[in-house]
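Beneath this line is the structure, given in structure tokens, with notes to follow.
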Amino acid sequence: MKFSPTAWAKLIYLRDAGPTEVGGFGISSADDLLYVEELVLLPQICTAVTVSFAEDAIADYFDHQIDRGLKPEQFARIWIHTHPGDSPEPSPTDLDTMETSFGECDWAVMFILAKEGKRYTELRWNRMQDSRLRIKTSIDYQQPFAGTDYAAWQDEYDENVVDQSQNWTDLMEPDELWEYGDLFDKPHSYLEFNA
């Protein structure tokens, strides 16, 4: 899997923007589905060990990407999140999220970026026989670097990330945090979706 220089720079910025995990989706090139051109955050509640996306946000994100003319395999197969510590190894919750949220997709990727650039990338192939493969990642420095946009990246972070790191064992009910309704059936649940 490869990242564009701009997508990689944005991911590093977002990883370091706060004390929590942060999650989003990689948007890939139509010509190479494992080439991440963009990174998009969704509204989420985060702690040092969890990311929970807002249910309506996923539907809105899907609608927006389809309106852009993208196919689900370009915008809904690469789940990217950070770990605020120095271990990129997936937690049992990460593995469960891959199973429940991406288990019906033909394929999906889980990418985790930790401190010091440590990373974990797993390709899950669900055709005929379920397979999980560790794959290498790189940054495509042969491509032009569009530059950084720290102000826009910070705005995206501020608009989408609710930091519950101080209260991670006692999360508020989601409807107390979001104006547009329930995020999940119960606190701490993980959203299931199939794209």
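By convention in this document, the chains of the structure tokens carry letters A, B, ... by their order, each chain's residues are numbered from 1, and ligands are numbered from 1 in the order they are shown.
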As number ranges by chain, please: all residues of chain A that backbone DSSP puts in helix (DSSP H, G or I).
A: 5-15, 55-67, 72-75, 92-102, 115-117, 150-160, 165-167, 174-177
Quick one: distance from atom CA of A:Met98 to atom CA of A:Asp16 in Å, one decimal?
23.9 Å
Would you please work out which residue, of A:Leu11, A:Ala114, A:Ile135, A:Ala76, is nearest to A:Val49 when using only C-alpha atoms?
A:Ala114
Name all residues at most 12 Å from A:Ala151 (count only C-alpha atoms; drop same-chain ones fewer than 3 positions away) and give them as a list in words.
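Once the adjacent positions are removed, what remains is Lys10, Tyr13, Leu14, Ala17, Thr148, Gln154, Asp155, Glu156, Tyr157 and Asp158 of chain A.
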Env of stretch 38-41 of chain A: 7 Å cut, atoms = only C-alpha atoms, seq-sep filter 3 positions within chain, self excluded. Answer as a list of chain:residue names.
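Near stretch 38-41 of chain A, the qualifying residues are A:Ala7, A:Gly23, A:Gly24, A:Phe25, A:Gly26, A:Ile27, A:Ser28, A:Asn160.
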I'd like the contact shell of A:Gln143 - 12 Å cut-off, only C-alpha atoms, skipping same-chain residues fewer than 2 positions apart - returned as an NGL selection string.
:A and (2-7 or 35 or 37 or 139-141 or 145-147)
Can you write out the residues you just picked, keeping N, CA, C and O atoms, as a PDB file, in the first residue's frame?
```
ATOM      1  N   LYS A   2       0.490   2.248  -0.723  1.00  0.00           N
ATOM      2  CA  LYS A   2       1.253   3.491  -0.792  1.00  0.00           C
ATOM      3  C   LYS A   2       0.370   4.667  -0.415  1.00  0.00           C
ATOM      4  O   LYS A   2      -0.825   4.672  -0.671  1.00  0.00           O
ATOM      5  N   PHE A   3       1.011   5.666   0.178  1.00  0.00           N
ATOM      6  CA  PHE A   3       0.365   6.939   0.497  1.00  0.00           C
ATOM      7  C   PHE A   3       0.956   8.024  -0.381  1.00  0.00           C
ATOM      8  O   PHE A   3       2.163   8.045  -0.629  1.00  0.00           O
ATOM      9  N   SER A   4       0.093   8.955  -0.799  1.00  0.00           N
ATOM     10  CA  SER A   4       0.622  10.162  -1.426  1.00  0.00           C
ATOM     11  C   SER A   4       1.345  10.953  -0.336  1.00  0.00           C
ATOM     12  O   SER A   4       1.018  10.819   0.853  1.00  0.00           O
ATOM     13  N   PRO A   5       2.319  11.773  -0.688  1.00  0.00           N
ATOM     14  CA  PRO A   5       3.009  12.564   0.336  1.00  0.00           C
ATOM     15  C   PRO A   5       2.068  13.448   1.148  1.00  0.00           C
ATOM     16  O   PRO A   5       2.235  13.596   2.358  1.00  0.00           O
ATOM     17  N   THR A   6       1.047  14.005   0.506  1.00  0.00           N
ATOM     18  CA  THR A   6       0.109  14.878   1.221  1.00  0.00           C
ATOM     19  C   THR A   6      -0.751  14.085   2.197  1.00  0.00           C
ATOM     20  O   THR A   6      -0.963  14.515   3.333  1.00  0.00           O
ATOM     21  N   ALA A   7      -1.252  12.924   1.771  1.00  0.00           N
ATOM     22  CA  ALA A   7      -2.060  12.091   2.676  1.00  0.00           C
ATOM     23  C   ALA A   7      -1.230  11.650   3.874  1.00  0.00           C
ATOM     24  O   ALA A   7      -1.709  11.639   5.018  1.00  0.00           O
ATOM     25  N   TYR A  35      -3.481   2.732  -3.356  1.00  0.00           N
ATOM     26  CA  TYR A  35      -2.753   4.005  -3.349  1.00  0.00           C
ATOM     27  C   TYR A  35      -3.645   5.049  -2.680  1.00  0.00           C
ATOM     28  O   TYR A  35      -4.654   5.467  -3.249  1.00  0.00           O
ATOM     29  N   GLU A  37      -4.729   8.489  -1.772  1.00  0.00           N
ATOM     30  CA  GLU A  37      -4.543   9.864  -2.221  1.00  0.00           C
ATOM     31  C   GLU A  37      -5.016  10.877  -1.190  1.00  0.00           C
ATOM     32  O   GLU A  37      -4.482  11.970  -1.110  1.00  0.00           O
ATOM     33  N   ILE A 139       5.583   5.552   1.229  1.00  0.00           N
ATOM     34  CA  ILE A 139       5.120   6.876   0.828  1.00  0.00           C
ATOM     35  C   ILE A 139       5.685   7.117  -0.562  1.00  0.00           C
ATOM     36  O   ILE A 139       6.882   6.917  -0.802  1.00  0.00           O
ATOM     37  N   ASP A 140       4.843   7.528  -1.480  1.00  0.00           N
ATOM     38  CA  ASP A 140       5.245   7.701  -2.872  1.00  0.00           C
ATOM     39  C   ASP A 140       5.823   9.099  -3.082  1.00  0.00           C
ATOM     40  O   ASP A 140       5.133  10.000  -3.553  1.00  0.00           O
ATOM     41  N   TYR A 141       7.091   9.243  -2.769  1.00  0.00           N
ATOM     42  CA  TYR A 141       7.746  10.543  -2.900  1.00  0.00           C
ATOM     43  C   TYR A 141       8.057  10.904  -4.354  1.00  0.00           C
ATOM     44  O   TYR A 141       8.554  11.995  -4.618  1.00  0.00           O
ATOM     45  N   PHE A 145       4.183  16.839  -4.118  1.00  0.00           N
ATOM     46  CA  PHE A 145       3.679  17.091  -2.768  1.00  0.00           C
ATOM     47  C   PHE A 145       2.881  18.379  -2.811  1.00  0.00           C
ATOM     48  O   PHE A 145       3.426  19.447  -3.076  1.00  0.00           O
ATOM     49  N   ALA A 146       1.571  18.256  -2.568  1.00  0.00           N
ATOM     50  CA  ALA A 146       0.690  19.428  -2.646  1.00  0.00           C
ATOM     51  C   ALA A 146       0.935  20.409  -1.507  1.00  0.00           C
ATOM     52  O   ALA A 146       0.395  21.510  -1.520  1.00  0.00           O
ATOM     53  N   GLY A 147       1.731  20.016  -0.551  1.00  0.00           N
ATOM     54  CA  GLY A 147       2.027  20.891   0.573  1.00  0.00           C
ATOM     55  C   GLY A 147       1.122  20.617   1.750  1.00  0.00           C
ATOM     56  O   GLY A 147       0.188  19.830   1.685  1.00  0.00           O
TER      57      GLY A 147
END
```
Using only C-alpha atoms, which of A:Phe75, A:Phe62, A:Trp125, A:Tyr150 sits nearest A:Ala108?
A:Trp125
